[in-house]
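S.K.: Attaching a single structure in structure tokens format; questions to follow.
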Amino acid sequence: MIKILIADNHPIVRMGVQQVLNPVSDIEVIADASTTTELFNKLEIFTPDVILLEMDIPEINGIATLRKIKKQYPNIRVLIYSGQSEDVYALSTIRAGAFGYLSKTSEIDYIISAIRKVSEGNMFITNELAQRLAFDEGTQKPRRFFRKLSTREVEVLKLLASGKRNKEVAQGLDLNEKTVSTYKARLMRKLNVDNLVDLLQQAKALELY
């Protein structure tokens, strides 16, 4: 059963989403919140698998709230559910750690499939957003954020993903340990993360290895 917490300041949205999810056999709405204070109070009591978070939730903005959730509750996945333009906010929220961005104009079935995908640790984004994440529309060149990894970087990433330490990666690829550290730093920079856990999570979600 996938446990959901809905965080949105509009009662009719919370009620509407709950009505959509109630008949779904593998999803259970365990709580809802209308402000960030209420959200963090609920998180002291409930442990959802996924938080459906409105971008404009009152008190703290959505991205700051997202970062706080990620820091305090790293195992909870956040799906942004917003009326704001995907063009403006989706990239920022995914960089801040969201597992997906869903517009409130999306079809109802999208909500269910997005929740299921995110609950499994996968990224949920629209095809249009995936294209924008991969390419800068102004230059038609790959964005630095998702720039294609080199063959050697992919090799290092695969070994790190299999649980190998820097020393073991170095031995496996016949490199010195300092070079492996350089590759790891480069991977983190390209994927816009600052630690190994997020690096592997981001790489898996983007199917880079």
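Labels used: A, B, ... for chains in the order of the structure tokens, numbers from 1 for residues in each chain, and numbers from 1 for ligands as shown.
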Which residues are near Glu107 in chain A? Cut-off 12 Å, only C-alpha atoms, ignore same chain within fewer than 6 positions. Put them as a PyMOL selection string.
M.R.: chain A and resi 17+20+113-114+126
S.K.: Give the strand (DSSP E or B) residues of range 14-150 of chain A, as DSSP finds them on the backbone, and put them as a PyMOL selection string.
M.R.: chain A and resi 27-33+50-53+77-82+100-103+124+135-136+141-142
S.K.: Can you list, as number ranges by chain, every residue of range 55-192 of chain A that DSSP puts in alpha helix (DSSP H)?
M.R.: A: 62-72, 86-95, 108-119, 127-134, 151-161, 166-173, 177-190
S.K.: Convert the current residue selection to file output with C-alpha atoms, as an mmCIF file, in the first residue's frame.
M.R.:
```
data_model
loop_
_atom_site.group_PDB
_atom_site.id
_atom_site.type_symbol
_atom_site.label_atom_id
_atom_site.label_comp_id
_atom_site.auth_asym_id
_atom_site.auth_seq_id
_atom_site.Cartn_x
_atom_site.Cartn_y
_atom_site.Cartn_z
ATOM 1 C CA GLY A 62 7.479 25.018 -2.274
ATOM 2 C CA ILE A 63 11.187 24.698 -3.070
ATOM 3 C CA ALA A 64 12.272 25.641 0.479
ATOM 4 C CA THR A 65 9.689 23.177 1.841
ATOM 5 C CA LEU A 66 10.989 20.499 -0.507
ATOM 6 C CA ARG A 67 14.573 21.016 0.673
ATOM 7 C CA LYS A 68 13.475 20.875 4.308
ATOM 8 C CA ILE A 69 11.567 17.612 3.732
ATOM 9 C CA LYS A 70 14.566 16.128 1.942
ATOM 10 C CA LYS A 71 16.873 17.082 4.818
ATOM 11 C CA GLN A 72 14.604 15.943 7.679
ATOM 12 C CA GLU A 86 5.937 23.561 -15.723
ATOM 13 C CA ASP A 87 8.230 25.773 -17.844
ATOM 14 C CA VAL A 88 8.987 28.029 -14.889
ATOM 15 C CA TYR A 89 9.244 25.700 -11.910
ATOM 16 C CA ALA A 90 9.698 22.056 -12.896
ATOM 17 C CA LEU A 91 13.452 22.154 -13.452
ATOM 18 C CA SER A 92 14.035 24.026 -10.169
ATOM 19 C CA THR A 93 11.976 21.572 -8.138
ATOM 20 C CA ILE A 94 13.661 18.521 -9.664
ATOM 21 C CA ARG A 95 17.059 20.056 -8.987
ATOM 22 C CA ILE A 108 -6.665 12.207 -13.557
ATOM 23 C CA ASP A 109 -4.956 8.952 -14.566
ATOM 24 C CA TYR A 110 -1.644 10.813 -14.567
ATOM 25 C CA ILE A 111 -1.909 11.432 -10.811
ATOM 26 C CA ILE A 112 -2.232 7.725 -10.102
ATOM 27 C CA SER A 113 0.577 6.641 -12.437
ATOM 28 C CA ALA A 114 2.828 9.457 -11.142
ATOM 29 C CA ILE A 115 2.301 8.396 -7.512
ATOM 30 C CA ARG A 116 3.050 4.760 -8.344
ATOM 31 C CA LYS A 117 6.196 5.622 -10.270
ATOM 32 C CA VAL A 118 7.522 8.014 -7.624
ATOM 33 C CA SER A 119 6.788 5.541 -4.816
ATOM 34 C CA ASN A 127 7.867 13.857 -22.282
ATOM 35 C CA GLU A 128 7.937 17.580 -22.985
ATOM 36 C CA LEU A 129 9.802 18.298 -19.752
ATOM 37 C CA ALA A 130 12.232 15.442 -20.406
ATOM 38 C CA GLN A 131 13.109 17.098 -23.706
ATOM 39 C CA ARG A 132 13.641 20.454 -21.997
ATOM 40 C CA LEU A 133 15.753 18.870 -19.273
ATOM 41 C CA ALA A 134 17.974 17.271 -21.876
ATOM 42 C CA THR A 151 32.259 6.360 -21.294
ATOM 43 C CA ARG A 152 34.724 6.467 -18.392
ATOM 44 C CA GLU A 153 32.265 8.418 -16.212
ATOM 45 C CA VAL A 154 29.604 5.797 -16.896
ATOM 46 C CA GLU A 155 32.067 3.050 -15.920
ATOM 47 C CA VAL A 156 32.848 4.828 -12.645
ATOM 48 C CA LEU A 157 29.148 5.433 -12.013
ATOM 49 C CA LYS A 158 28.265 1.769 -12.572
ATOM 50 C CA LEU A 159 30.912 0.601 -10.102
ATOM 51 C CA LEU A 160 29.820 3.182 -7.497
ATOM 52 C CA ALA A 161 26.208 2.076 -8.021
ATOM 53 C CA ASN A 166 36.812 4.602 -4.513
ATOM 54 C CA LYS A 167 39.761 2.243 -3.932
ATOM 55 C CA GLU A 168 37.888 -0.718 -5.454
ATOM 56 C CA VAL A 169 36.745 1.401 -8.415
ATOM 57 C CA ALA A 170 40.368 2.450 -8.972
ATOM 58 C CA GLN A 171 41.523 -1.175 -8.933
ATOM 59 C CA GLY A 172 38.705 -2.283 -11.233
ATOM 60 C CA LEU A 173 39.470 0.367 -13.847
ATOM 61 C CA GLU A 177 42.279 6.639 -6.359
ATOM 62 C CA LYS A 178 42.704 10.402 -6.825
ATOM 63 C CA THR A 179 41.510 10.099 -10.440
ATOM 64 C CA VAL A 180 38.402 8.237 -9.278
ATOM 65 C CA SER A 181 37.691 11.063 -6.803
ATOM 66 C CA THR A 182 37.975 13.528 -9.695
ATOM 67 C CA TYR A 183 35.500 11.498 -11.778
ATOM 68 C CA LYS A 184 33.101 11.304 -8.845
ATOM 69 C CA ALA A 185 33.275 15.101 -8.335
ATOM 70 C CA ARG A 186 32.655 15.611 -12.068
ATOM 71 C CA LEU A 187 29.620 13.280 -11.969
ATOM 72 C CA MET A 188 28.174 15.179 -9.016
ATOM 73 C CA ARG A 189 28.688 18.475 -10.808
ATOM 74 C CA LYS A 190 27.046 17.228 -14.023
#
```
S.K.: Determine the nearest neighbour of Asp194 in chain A from the options A:Asp49, A:Asp174, A:Ala96, A:Met123, counting only C-alpha atoms.
M.R.: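 Closest residue, counting only C-alpha atoms: A:Ala96.
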S.K.: Give me, as a list in words, all polymer residues having an atom no more than 10 Å from range 7-10 of chain A, counting only C-alpha atoms and skipping those fewer than 5 positions away in the same chain.
M.R.: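 What passes the distance filter is Met15, Gly16, Ala31, Asp32, Ala33, Ser34, Thr35, Thr36, Glu38, Leu39, Ile51, Leu52, Leu53, Glu54, Met55, Asp56, Ile57, Pro58, Ile80, Tyr81 and Ser82 of chain A.
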S.K.: One decimal, Å: what's the distance from CA of Leu200 in chain A over to CA of Leu79 in chain A, could you say?
M.R.: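 Answer for the CA of Leu200 in chain A to CA of Leu79 in chain A separation: 18.9 Å.
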S.K.: Quick one: of A:Ser25, A:Ser106, A:Asn41, A:Asn122, who's nearest to Gly83 in chain A, counting only C-alpha atoms?
M.R.: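 Of the candidates, the smallest distance to Gly83 in chain A is held by A:Ser106.
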